[in-house]
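**Student:** What follows is query.txt, made up of compact mmCIF, C-alpha atoms:
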```
# COMPACT_ATOMS: atom_id res chain seq x y z
CA MET A 1 8.53 -72.72 -57.87
CA HIS A 2 6.51 -73.31 -60.90
CA PHE A 3 5.49 -70.17 -62.72
CA GLU A 4 1.80 -71.14 -62.78
CA ARG A 5 1.81 -71.86 -59.09
CA GLN A 6 3.52 -68.59 -58.33
CA LYS A 7 0.78 -66.79 -60.25
CA LEU A 8 -1.93 -68.66 -58.29
CA MET A 9 -0.31 -67.82 -54.99
CA ALA A 10 -0.16 -64.16 -55.96
CA VAL A 11 -3.83 -64.10 -56.92
CA THR A 12 -5.09 -65.96 -53.85
CA GLU A 13 -3.05 -63.94 -51.39
CA TYR A 14 -5.17 -62.55 -48.56
CA VAL A 15 -5.77 -58.85 -48.85
CA ALA A 16 -7.00 -57.30 -45.60
CA PRO A 17 -10.03 -55.04 -46.08
CA LYS A 18 -9.34 -51.36 -45.57
CA PRO A 19 -10.81 -49.93 -42.33
CA ALA A 20 -13.72 -47.52 -42.78
CA ILE A 21 -11.83 -44.74 -40.92
CA PRO A 22 -8.25 -44.26 -41.99
CA ALA A 23 -5.66 -44.97 -39.32
CA VAL A 24 -4.40 -41.38 -39.38
CA CYS A 25 -7.78 -40.15 -38.21
CA SER A 26 -8.31 -42.75 -35.50
CA THR A 27 -5.02 -42.18 -33.68
CA PRO A 28 -4.77 -38.81 -31.95
CA ARG A 29 -2.12 -36.57 -33.37
CA VAL A 30 0.73 -36.05 -30.95
CA HIS A 31 1.88 -32.47 -30.89
CA ALA A 32 5.55 -32.07 -30.47
CA LYS A 33 5.89 -30.15 -27.21
CA LYS A 34 7.75 -26.94 -27.66
CA GLU A 35 10.85 -27.16 -25.58
CA GLU A 36 11.21 -23.99 -23.49
CA ASN A 37 14.14 -21.81 -24.09
CA GLY A 38 16.87 -22.27 -21.50
CA TYR A 39 17.01 -18.56 -20.77
CA ALA A 40 13.23 -18.43 -20.31
CA LYS A 41 13.47 -21.30 -17.85
CA LEU A 42 16.12 -19.45 -15.89
CA LEU A 43 14.01 -16.29 -15.86
CA HIS A 44 10.97 -18.26 -14.67
CA ARG A 45 12.97 -19.63 -11.81
CA GLN A 46 14.34 -16.22 -10.94
CA VAL A 47 10.86 -14.68 -10.94
CA ALA A 48 9.56 -17.38 -8.62
CA GLU A 49 12.51 -16.95 -6.27
CA ALA A 50 12.20 -13.16 -6.26
CA PHE A 51 8.50 -13.27 -5.42
CA GLN A 52 8.98 -15.84 -2.68
CA ASP A 53 11.86 -14.04 -1.01
CA SER A 54 10.52 -10.52 -0.98
CA LYS A 55 8.00 -9.03 1.39
CA MET A 56 7.79 -5.71 -0.36
CA ILE A 57 7.06 -5.73 -4.10
CA ALA A 58 6.51 -2.42 -5.85
CA VAL A 59 5.58 -2.20 -9.51
CA CYS A 60 6.65 0.89 -11.44
CA GLN A 61 6.17 2.18 -14.94
CA HIS A 62 9.58 2.27 -16.51
CA CYS A 63 10.14 5.06 -18.99
CA PHE A 64 13.32 6.00 -20.69
CA THR A 65 15.90 7.04 -18.13
CA PRO A 66 19.52 7.79 -18.85
CA SER A 67 21.52 4.71 -17.94
CA ASP A 68 23.79 6.51 -15.49
CA GLU A 69 20.80 7.78 -13.49
CA MET A 70 19.34 4.31 -13.49
CA LEU A 71 22.58 2.82 -12.26
CA MET A 72 22.86 5.40 -9.50
CA MET A 73 19.33 4.69 -8.37
CA GLN A 74 19.93 0.95 -8.33
CA HIS A 75 23.10 1.47 -6.36
CA ARG A 76 21.41 3.70 -3.80
CA LEU A 77 18.54 1.27 -3.41
CA ARG A 78 20.90 -1.65 -2.97
CA LYS A 79 22.43 0.10 0.04
CA HIS A 80 19.06 -0.39 1.75
CA ASN A 81 18.87 -4.00 0.55
CA ILE A 82 16.26 -3.11 -2.06
CA HIS A 83 16.70 -4.61 -5.50
CA VAL A 84 15.49 -3.37 -8.85
CA LYS A 85 14.47 -6.16 -11.21
CA PHE A 86 13.52 -6.15 -14.85
CA PHE A 87 11.49 -9.09 -16.09
CA PRO A 88 9.63 -9.29 -19.38
CA ASN A 89 5.87 -9.46 -18.99
CA GLU A 90 5.68 -12.77 -20.86
CA ILE A 91 7.69 -14.35 -18.07
CA VAL A 92 5.98 -12.67 -15.11
CA ARG A 93 2.36 -13.04 -16.23
CA PRO A 94 2.23 -16.88 -16.32
CA TYR A 95 3.85 -17.07 -12.90
CA LEU A 96 1.51 -14.46 -11.39
CA SER A 97 -1.66 -16.06 -12.75
CA THR A 98 -0.93 -19.23 -10.77
CA SER A 99 0.49 -17.67 -7.61
CA LYS A 100 -1.17 -15.78 -4.78
CA TYR A 101 -0.23 -12.48 -6.40
CA LYS A 102 -2.94 -12.99 -9.02
CA ASN A 103 -4.46 -9.58 -8.36
CA LEU A 104 -1.25 -7.81 -9.35
CA LEU A 105 -1.74 -8.90 -12.97
CA PRO A 106 -3.38 -5.68 -14.28
CA LEU A 107 -0.25 -3.75 -13.33
CA PHE A 108 1.92 -5.71 -15.73
CA VAL A 109 1.27 -3.84 -18.95
CA ALA A 110 3.84 -2.14 -21.15
CA ARG A 111 7.30 -1.68 -19.66
CA ASN A 112 7.63 -2.38 -16.00
CA LEU A 113 10.24 -2.61 -13.39
CA MET A 114 9.86 -4.20 -10.02
CA ILE A 115 11.39 -3.00 -6.80
CA MET A 116 11.72 -5.85 -4.38
CA SER A 117 13.05 -6.17 -0.90
CA PRO A 118 13.01 -8.86 1.79
CA GLU A 119 12.49 -6.09 4.37
CA ILE A 120 9.76 -3.49 4.40
CA LYS A 121 11.48 -0.18 3.71
CA VAL A 122 8.83 2.01 2.15
CA LYS A 123 10.25 5.35 3.24
CA GLU A 124 13.65 4.72 1.69
CA MET A 125 12.09 3.49 -1.52
CA LEU A 126 9.83 6.53 -1.88
CA ARG A 127 12.72 8.88 -1.16
CA MET A 128 14.78 7.28 -3.93
CA LEU A 129 11.88 7.26 -6.38
CA LYS A 130 11.29 10.98 -5.84
CA ARG A 131 14.66 11.71 -7.35
CA VAL A 132 13.80 9.85 -10.55
CA PRO A 133 10.60 11.37 -11.97
CA GLN A 134 10.63 9.09 -15.01
CA ILE A 135 9.80 6.10 -12.86
CA SER A 136 6.28 6.33 -11.54
CA LEU A 137 5.06 4.02 -8.84
CA LEU A 138 1.87 2.20 -9.87
CA GLY A 139 1.18 -0.07 -6.98
CA ALA A 140 2.78 -2.28 -4.41
CA CYS A 141 2.24 -5.46 -2.50
CA ILE A 142 3.54 -4.96 1.02
CA ASP A 143 3.23 -7.77 3.54
CA ASP A 144 0.61 -9.56 1.36
CA THR A 145 -1.49 -6.41 1.07
CA ILE A 146 -1.95 -4.72 -2.28
CA LEU A 147 -1.69 -0.94 -2.05
CA SER A 148 -2.20 1.80 -4.60
CA SER A 149 0.39 4.53 -5.01
CA GLN A 150 -1.45 6.80 -2.56
CA GLY A 151 -1.73 3.86 -0.22
CA VAL A 152 2.02 3.38 -0.30
CA VAL A 153 2.56 7.03 0.59
CA SER A 154 0.19 6.81 3.54
CA TYR A 155 1.78 3.50 4.58
CA SER A 156 5.18 5.18 4.74
CA LYS A 157 3.78 7.76 7.18
CA LEU A 158 2.75 5.09 9.67
CA PRO A 159 5.00 4.61 12.69
CA SER A 160 6.63 1.24 13.14
CA LEU A 161 4.74 -1.72 14.56
CA GLU A 162 6.58 -1.67 17.90
CA VAL A 163 5.72 1.99 18.48
CA THR A 164 2.02 1.48 17.76
CA GLN A 165 1.91 -1.61 19.95
CA GLY A 166 3.50 0.42 22.75
CA GLN A 167 0.92 3.15 22.26
CA VAL A 168 -1.95 0.67 22.48
CA VAL A 169 -0.53 -0.87 25.65
CA GLY A 170 -0.06 2.61 27.11
CA THR A 171 -3.64 3.69 26.44
CA LEU A 172 -5.04 0.42 27.76
CA SER A 173 -3.05 0.58 30.98
CA LEU A 174 -3.79 4.30 31.41
CA THR A 175 -7.53 3.75 31.81
CA THR A 176 -7.13 0.97 34.35
CA SER A 177 -4.58 2.92 36.36
CA GLN A 178 -6.87 5.95 36.26
CA THR A 179 -9.83 4.01 37.66
CA CYS A 180 -7.56 2.48 40.28
CA ALA A 181 -6.28 5.90 41.31
CA LEU A 182 -9.79 7.33 41.40
CA LEU A 183 -11.00 4.48 43.59
CA GLN A 184 -8.12 4.78 46.00
CA HIS A 185 -7.99 8.55 46.11
CA GLY A 186 -11.18 9.08 48.15
CA ALA A 187 -10.35 6.49 50.75
CA GLY A 188 -6.80 7.75 51.12
CA HIS A 189 -7.94 11.33 51.42
CA LEU A 190 -10.49 10.46 54.07
CA SER A 191 -8.07 8.39 56.10
CA ALA A 192 -5.55 11.22 55.97
CA LEU A 193 -8.17 13.70 57.14
CA LEU A 194 -9.31 11.41 59.94
CA ASP A 195 -5.71 10.85 61.00
CA GLN A 196 -5.25 14.57 61.16
CA TYR A 197 -8.46 14.89 63.13
CA VAL A 198 -7.42 12.19 65.58
CA LYS A 199 -4.07 13.89 66.03
CA GLN A 200 -5.76 17.19 66.73
CA GLN A 201 -8.14 15.48 69.13
CA SER A 202 -5.31 13.77 70.98
CA GLY A 203 -3.56 17.16 71.11
CA GLY A 204 -6.81 18.61 72.52
CA THR A 205 -7.08 15.94 75.29
CA GLY A 206 -4.25 17.63 77.13
CA GLU A 207 -6.72 20.47 77.85
CA PRO A 208 -9.52 20.27 80.42
CA ASP A 209 -11.72 17.12 80.35
CA GLY A 210 -15.08 18.84 79.99
CA GLN A 211 -14.00 20.48 76.77
CA ALA A 212 -12.58 17.19 75.46
CA GLY A 213 -16.00 15.54 75.91
CA GLU A 214 -17.60 18.32 73.94
CA GLY A 215 -14.84 18.12 71.33
CA GLN A 216 -16.11 14.74 70.10
CA ALA A 217 -19.59 16.03 69.56
CA GLU A 218 -18.35 19.27 68.02
CA PRO A 219 -17.75 19.47 64.28
CA GLY A 220 -14.03 19.94 64.95
CA PRO A 221 -11.87 21.76 62.40
CA ALA A 222 -13.66 23.53 59.58
CA PHE A 223 -12.26 21.35 56.73
CA LEU A 224 -13.58 18.17 58.37
CA ALA A 225 -17.11 19.46 58.70
CA PRO A 226 -18.62 17.75 55.64
CA PHE A 227 -17.22 14.35 56.55
CA ILE A 228 -18.38 14.52 60.08
CA ASN A 229 -21.80 15.56 58.86
CA HIS A 230 -21.79 12.47 56.63
CA ALA A 231 -20.88 10.30 59.53
CA LEU A 232 -23.77 11.67 61.49
CA HIS A 233 -26.09 11.13 58.55
CA ILE A 234 -25.10 7.50 58.26
CA GLU A 235 -26.07 6.92 61.82
CA THR A 236 -29.40 8.66 61.51
CA ASP A 237 -30.72 8.50 57.95
CA GLY A 238 -29.15 5.38 56.47
CA ARG A 239 -26.97 4.85 53.51
CA LYS A 240 -28.63 6.16 50.35
CA ARG A 241 -28.75 9.79 51.26
CA VAL A 242 -25.15 9.79 52.34
CA GLN A 243 -24.09 8.27 49.07
CA GLY A 244 -25.79 11.05 47.18
CA GLN A 245 -24.05 13.67 49.24
CA VAL A 246 -20.69 12.06 49.00
CA SER A 247 -20.92 11.78 45.24
CA SER A 248 -21.89 15.42 44.98
CA GLU A 249 -18.90 16.32 47.10
CA VAL A 250 -16.29 14.37 45.19
CA GLY A 251 -16.47 15.28 41.54
CA GLY A 252 -19.51 13.22 40.53
CA ASP A 253 -17.81 9.84 40.94
CA SER A 254 -20.05 7.44 42.77
CA TRP A 255 -18.07 5.02 44.81
CA GLU A 256 -18.82 3.25 47.99
CA GLY A 257 -15.31 3.02 49.39
CA PRO A 258 -15.40 6.09 51.62
CA VAL A 259 -18.89 5.30 52.83
CA SER A 260 -17.83 1.89 54.06
CA CYS A 261 -14.80 3.56 55.60
CA LEU A 262 -17.07 6.00 57.31
CA ASN A 263 -19.21 3.16 58.57
CA GLN A 264 -16.22 1.41 60.02
CA GLN A 265 -14.88 4.59 61.53
CA THR A 266 -18.17 5.59 63.11
CA GLY A 267 -18.90 2.05 64.25
CA SER A 268 -15.59 1.86 66.04
CA MET B 1 6.10 5.26 -34.31
CA GLN B 2 8.44 8.09 -33.56
CA ILE B 3 7.15 11.40 -32.35
CA ASN B 4 8.95 14.61 -33.02
CA TYR B 5 8.77 16.96 -30.08
CA ARG B 6 10.30 19.91 -31.85
CA ASN B 7 7.21 22.09 -31.51
CA MET B 8 6.16 20.97 -28.14
CA PHE B 9 6.24 22.56 -24.78
CA SER B 10 4.90 20.14 -22.26
CA ILE B 11 2.86 16.98 -21.91
CA PHE B 12 0.89 16.07 -18.84
CA LEU B 13 -0.66 12.71 -18.29
CA PHE B 14 -3.12 12.11 -15.55
CA ASN B 15 -4.40 8.89 -14.14
CA LEU B 16 -1.84 6.41 -15.31
CA TYR B 17 -3.89 3.48 -14.12
CA LEU B 18 -5.42 2.93 -17.52
CA ASN B 19 -3.45 0.51 -19.62
CA LEU B 20 -3.80 2.63 -22.76
CA PHE B 21 -2.16 5.53 -20.98
CA ARG B 22 0.75 3.40 -20.04
CA ILE B 23 1.23 2.27 -23.61
CA PHE B 24 0.91 5.88 -24.74
CA LEU B 25 3.45 7.01 -22.19
CA GLU B 26 5.86 4.32 -23.27
CA GLN B 27 5.71 5.56 -26.84
CA VAL B 28 5.85 9.21 -25.86
CA ASN B 29 8.72 8.70 -23.49
CA SER B 30 10.90 6.59 -25.76
CA LYS B 31 14.54 7.51 -26.12
CA LYS B 32 14.31 8.77 -29.72
CA SER B 33 11.28 10.93 -29.01
CA ARG B 34 12.86 12.49 -25.96
CA ALA B 35 16.07 13.19 -27.82
CA SER B 36 14.19 15.33 -30.40
CA ASN B 37 13.52 17.95 -27.75
CA ILE B 38 15.16 17.70 -24.36
CA ASN B 39 13.34 20.73 -23.00
CA CYS B 40 9.94 19.14 -23.37
CA VAL B 41 8.47 18.35 -19.97
CA VAL B 42 6.65 15.08 -19.51
CA LYS B 43 4.80 14.81 -16.25
CA THR B 44 2.75 11.89 -15.06
CA ASP B 45 0.33 11.52 -12.22
CA VAL B 46 -0.82 8.17 -10.91
CA ARG B 47 -4.26 8.35 -9.35
CA HIS B 48 -6.61 5.79 -8.06
CA ASP B 49 -9.68 7.85 -7.27
CA GLY B 50 -11.69 7.40 -10.45
CA THR B 51 -10.83 10.76 -11.99
CA GLU B 52 -11.11 11.11 -15.74
CA PRO B 53 -7.93 10.13 -17.57
CA VAL B 54 -6.63 13.15 -19.46
CA VAL B 55 -3.64 13.92 -21.64
CA ASP B 56 -2.86 17.61 -21.74
CA ILE B 57 -0.40 18.75 -24.39
CA MET B 58 0.90 22.31 -24.71
CA PHE B 59 2.53 23.21 -28.02
CA ALA B 60 5.23 25.80 -28.37
CA ASP B 61 2.96 28.10 -30.43
CA GLY B 62 0.42 28.29 -27.67
CA ASP B 63 -2.03 25.65 -28.92
CA ARG B 64 -3.32 23.16 -26.48
CA LEU B 65 -4.48 19.62 -27.12
CA ILE B 66 -6.53 17.87 -24.49
CA MET B 67 -7.37 14.21 -25.02
CA LYS B 68 -9.81 12.52 -22.71
CA GLY B 69 -8.96 8.89 -22.80
CA ALA B 70 -12.10 7.35 -21.38
CA ASN B 71 -13.34 6.10 -24.77
CA LEU B 72 -10.15 6.09 -26.84
CA THR B 73 -7.53 3.50 -27.60
CA ALA B 74 -3.83 4.09 -27.31
CA ARG B 75 -3.44 3.83 -31.09
CA GLU B 76 -6.11 6.43 -31.77
CA MET B 77 -4.53 8.80 -29.31
CA LEU B 78 -1.09 8.34 -30.79
CA LEU B 79 -2.35 8.84 -34.35
CA ALA B 80 -4.23 12.01 -33.46
CA PHE B 81 -1.24 13.32 -31.59
CA ASN B 82 1.20 12.52 -34.34
CA SER B 83 -0.94 14.04 -37.13
CA ARG B 84 -1.04 17.29 -35.21
CA CYS B 85 2.71 17.15 -34.66
CA ILE B 86 3.34 16.66 -38.38
CA ALA B 87 1.00 19.55 -39.29
CA LYS B 88 2.81 21.84 -36.87
CA GLY B 89 6.16 20.78 -38.26
CA LEU B 90 5.08 21.60 -41.84
CA LYS B 91 3.77 25.00 -40.79
CA ALA B 92 7.03 25.81 -39.04
CA GLU B 93 9.02 24.84 -42.11
CA GLU B 94 6.88 27.05 -44.36
CA LYS B 95 7.42 30.00 -42.06
CA ASN B 96 11.15 29.49 -42.11
CA LYS B 97 11.17 29.58 -45.90
```
Could you show the structure in this file as structure tokens?

**Tutor:**
Amino acid sequence: MHFERQKLMAVTEYVAPKPAIPAVCSTPRVHAKKEENGYAKLLHRQVAEAFQDSKMIAVCQHCFTPSDEMLMMQHRLRKHNIHVKFFPNEIVRPYLSTSKYKNLLPLFVARNLMIMSPEIKVKEMLRMLKRVPQISLLGACIDDTILSSQGVVSYSKLPSLEVTQGQVVGTLSLTTSQTCALLQHGAGHLSALLDQYVKQQSGGTGEPDGQAGEGQAEPGPAFLAPFINHALHIETDGRKRVQGQVSSEVGGDSWEGPVSCLNQQTGS
Amino acid sequence: MQINYRNMFSIFLFNLYLNLFRIFLEQVNSKKSRASNINCVVKTDVRHDGTEPVVDIMFADGDRLIMKGANLTAREMLLAFNSRCIAKGLKAEEKNK
């Protein structure tokens, strides 16, 4: 190419105008995402698994304990299928803030250890913790209920669920059976007395006839006197007065069973 | 911060529910501090009934330091505690001389 022409081409070359805002500002800066440490990832997973598997989670303040004591305690707890776990707070806190255990967050300050178990064994745990005074129980989440340390102690004193259910069933059935017995008792007593009376009457019929005729009108044996009086009252005065008398006789319970019995008996 | 327990008799902490107490306890109960005097008794009591948080420290020479932690920070408590410990230590050394 000719030198002159080359010069002209260089001068007339299109130069794009610079944009008012530099390109660096217009495009959003992409932050390089910090890749999580592999160990942290593992711990995160372990925390999630531990919280999902366990029904009983107790949080304790962990102070310096000689390692042999610690090992012994862990071993004893493992016999009851209770596990002692150490997780750093940086790992536990992010998991807790998103899970349903959000309210446990205030407990995770300073050095902690967690006692976890898939079964609820509060008594065993408390017994083991008593031997190690350096570890103080702060709070626990048992069966999705958050308890304070005093709450845990009182929880351990509760009898098991089956026992309490049995007690409830017992008390409920006791009242019904009592009312049933009370209702039946009067009628049964009366029928027994009348049976006895009939027996005595039939025994008395063997004696002269004139006396037997009087025997029906007579009050009969002394223990039957009140009932026979009632029967007479029913015939003469009607029902209300008899009811009042009967209830005063039999321990204040007002029932109509014996009255109807009386009615039937006297009617027949 | 390391605390020397040489001149100490017992420490009682009440109401561990406060976070500052737990940080304090962690410092007080560290391995180095405990090793300086094994006979020192550290007792803690976790309560949840709104009682005032108190640290009760008995020194070997009969002095008693009570810190009520309602309006203190863990750092303040530790500093106050440690300054007293150092003063006691100096006194003891002077006596020995």

**Student:** Using all atoms listed in the file, which protein or nucleic acid residues come within 12 Å of range 92-103 of chain A? Drop anything in the same chain fewer than 5 positions from it, and give the result as a ChimeraX atom specification.

**Tutor:** /A:40-41,43-52,55,57,59,85-87,108-109,111-114,139-147

**Student:** Given a cut-off of 6 Å, which residues of chain B touch chain A, counting all atoms listed in the file, written out as JSON, numbers by chain?

**Tutor:** {"B": [23, 29, 30, 31]}

**Student:** When you draw a straight line from CA of Cys60 in chain A to CA of His80 in chain A, how long is it in Å?

**Tutor:** 18.2 Å

**Student:** Quick check, in Å to one decimal: how far apart do CA of Leu20 in chain B and CA of Arg84 in chain B lie?

**Tutor:**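 Between CA of Leu20 in chain B and CA of Arg84 in chain B the gap is 19.4 Å.
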
**Student:** State, in Å with one decimal place, the distance from CA of Leu42 in chain A to CA of Leu105 in chain A.

**Tutor:**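 Taking CA of Leu42 in chain A as the start and CA of Leu105 in chain A as the end point, the length is 20.9 Å.
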
**Student:** Pick out the residues sitting within 9 Å of Lys68 in chain B, and hand them over as a list in words; count all atoms listed in the file, and ignore anything fewer than 5 positions along from it in its own chain.

**Tutor:**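 Residues meeting the cut-off are Glu52, Pro53, Val54, Val55 and Asp56 of chain B.
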
**Student:** B:Leu65, B:Gly89, B:Ile57, B:Ala70: which is nearest Val41 in chain B, counting all atoms listed in the file?

**Tutor:**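 Among B:Leu65, B:Gly89, B:Ile57, B:Ala70, it is B:Ile57 that comes nearest to Val41 in chain B.
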
**Student:** Assuming 5 Å of padding per side, give the centre and edge lengths of the axis-aligned box around every listed atom of range 70-88 of chain B, in Å to one decimal and as AutoDock Vina command-line options.

**Tutor:**
```
--center_x -5.0 --center_y 12.7 --center_z -30.3 --size_x 26.7 --size_y 28.3 --size_z 27.9
```

**Student:** Counting only C-alpha atoms, which residue out of B:Cys40, B:Ala74, B:Ala80, B:Ala87 sits closest to Phe24 in chain B?

**Tutor:**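 Looking only at the distances to Phe24 in chain B, the closest residue turns out to be B:Ala74.
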
**Student:** Fix up range 22-41 of chain A with N, CA, C and O atoms, then write it as an mmCIF file, in the frame of the given file.

**Tutor:**
```cif
data_model
loop_
_atom_site.group_PDB
_atom_site.id
_atom_site.type_symbol
_atom_site.label_atom_id
_atom_site.label_comp_id
_atom_site.auth_asym_id
_atom_site.auth_seq_id
_atom_site.Cartn_x
_atom_site.Cartn_y
_atom_site.Cartn_z
ATOM 1 N N PRO A 22 -9.697 -44.095 -41.841
ATOM 2 C CA PRO A 22 -8.250 -44.260 -41.990
ATOM 3 C C PRO A 22 -7.509 -44.164 -40.663
ATOM 4 O O PRO A 22 -7.947 -43.496 -39.721
ATOM 5 N N ALA A 23 -6.412 -44.862 -40.581
ATOM 6 C CA ALA A 23 -5.660 -44.970 -39.320
ATOM 7 C C ALA A 23 -5.164 -43.612 -38.840
ATOM 8 O O ALA A 23 -5.049 -43.367 -37.627
ATOM 9 N N VAL A 24 -4.920 -42.710 -39.767
ATOM 10 C CA VAL A 24 -4.400 -41.380 -39.380
ATOM 11 C C VAL A 24 -5.423 -40.629 -38.529
ATOM 12 O O VAL A 24 -5.082 -39.919 -37.593
ATOM 13 N N CYS A 25 -6.726 -40.876 -38.934
ATOM 14 C CA CYS A 25 -7.780 -40.150 -38.210
ATOM 15 C C CYS A 25 -8.033 -40.752 -36.829
ATOM 16 O O CYS A 25 -8.380 -40.041 -35.889
ATOM 17 N N SER A 26 -7.932 -42.092 -36.757
ATOM 18 C CA SER A 26 -8.310 -42.750 -35.500
ATOM 19 C C SER A 26 -7.305 -42.476 -34.382
ATOM 20 O O SER A 26 -7.670 -42.296 -33.231
ATOM 21 N N THR A 27 -6.018 -42.435 -34.738
ATOM 22 C CA THR A 27 -5.020 -42.180 -33.680
ATOM 23 C C THR A 27 -4.878 -40.670 -33.461
ATOM 24 O O THR A 27 -4.796 -39.905 -34.427
ATOM 25 N N PRO A 28 -4.912 -40.251 -32.213
ATOM 26 C CA PRO A 28 -4.770 -38.810 -31.950
ATOM 27 C C PRO A 28 -3.380 -38.321 -32.351
ATOM 28 O O PRO A 28 -2.382 -39.015 -32.138
ATOM 29 N N ARG A 29 -3.398 -37.127 -32.930
ATOM 30 C CA ARG A 29 -2.120 -36.570 -33.370
ATOM 31 C C ARG A 29 -1.329 -36.088 -32.142
ATOM 32 O O ARG A 29 -1.874 -35.408 -31.262
ATOM 33 N N VAL A 30 -0.119 -36.457 -32.084
ATOM 34 C CA VAL A 30 0.730 -36.050 -30.950
ATOM 35 C C VAL A 30 1.495 -34.781 -31.349
ATOM 36 O O VAL A 30 2.268 -34.790 -32.305
ATOM 37 N N HIS A 31 1.180 -33.724 -30.612
ATOM 38 C CA HIS A 31 1.880 -32.470 -30.890
ATOM 39 C C HIS A 31 3.261 -32.521 -30.255
ATOM 40 O O HIS A 31 3.403 -32.908 -29.088
ATOM 41 N N ALA A 32 4.200 -32.152 -31.021
ATOM 42 C CA ALA A 32 5.550 -32.070 -30.470
ATOM 43 C C ALA A 32 5.585 -30.899 -29.495
ATOM 44 O O ALA A 32 5.271 -29.766 -29.860
ATOM 45 N N LYS A 33 5.888 -31.216 -28.228
ATOM 46 C CA LYS A 33 5.890 -30.150 -27.210
ATOM 47 C C LYS A 33 7.044 -29.203 -27.463
ATOM 48 O O LYS A 33 8.187 -29.636 -27.662
ATOM 49 N N LYS A 34 6.681 -27.919 -27.409
ATOM 50 C CA LYS A 34 7.750 -26.940 -27.660
ATOM 51 C C LYS A 34 8.655 -26.891 -26.439
ATOM 52 O O LYS A 34 8.215 -26.579 -25.328
ATOM 53 N N GLU A 35 9.872 -27.209 -26.672
ATOM 54 C CA GLU A 35 10.850 -27.160 -25.580
ATOM 55 C C GLU A 35 11.117 -25.694 -25.231
ATOM 56 O O GLU A 35 11.360 -24.874 -26.119
ATOM 57 N N GLU A 36 11.030 -25.381 -23.893
ATOM 58 C CA GLU A 36 11.210 -23.990 -23.490
ATOM 59 C C GLU A 36 12.670 -23.588 -23.621
ATOM 60 O O GLU A 36 13.573 -24.401 -23.374
ATOM 61 N N ASN A 37 12.803 -22.356 -23.976
ATOM 62 C CA ASN A 37 14.140 -21.810 -24.090
ATOM 63 C C ASN A 37 14.861 -21.877 -22.732
ATOM 64 O O ASN A 37 14.241 -21.686 -21.689
ATOM 65 N N GLY A 38 16.121 -22.146 -22.742
ATOM 66 C CA GLY A 38 16.870 -22.270 -21.500
ATOM 67 C C GLY A 38 16.878 -20.970 -20.714
ATOM 68 O O GLY A 38 16.702 -20.964 -19.485
ATOM 69 N N TYR A 39 16.982 -19.873 -21.420
ATOM 70 C CA TYR A 39 17.010 -18.560 -20.770
ATOM 71 C C TYR A 39 15.663 -18.258 -20.127
ATOM 72 O O TYR A 39 15.595 -17.736 -18.997
ATOM 73 N N ALA A 40 14.574 -18.645 -20.858
ATOM 74 C CA ALA A 40 13.230 -18.430 -20.310
ATOM 75 C C ALA A 40 13.050 -19.228 -19.029
ATOM 76 O O ALA A 40 12.480 -18.739 -18.057
ATOM 77 N N LYS A 41 13.566 -20.459 -19.054
ATOM 78 C CA LYS A 41 13.470 -21.300 -17.850
ATOM 79 C C LYS A 41 14.162 -20.627 -16.666
ATOM 80 O O LYS A 41 13.622 -20.572 -15.560
#
```
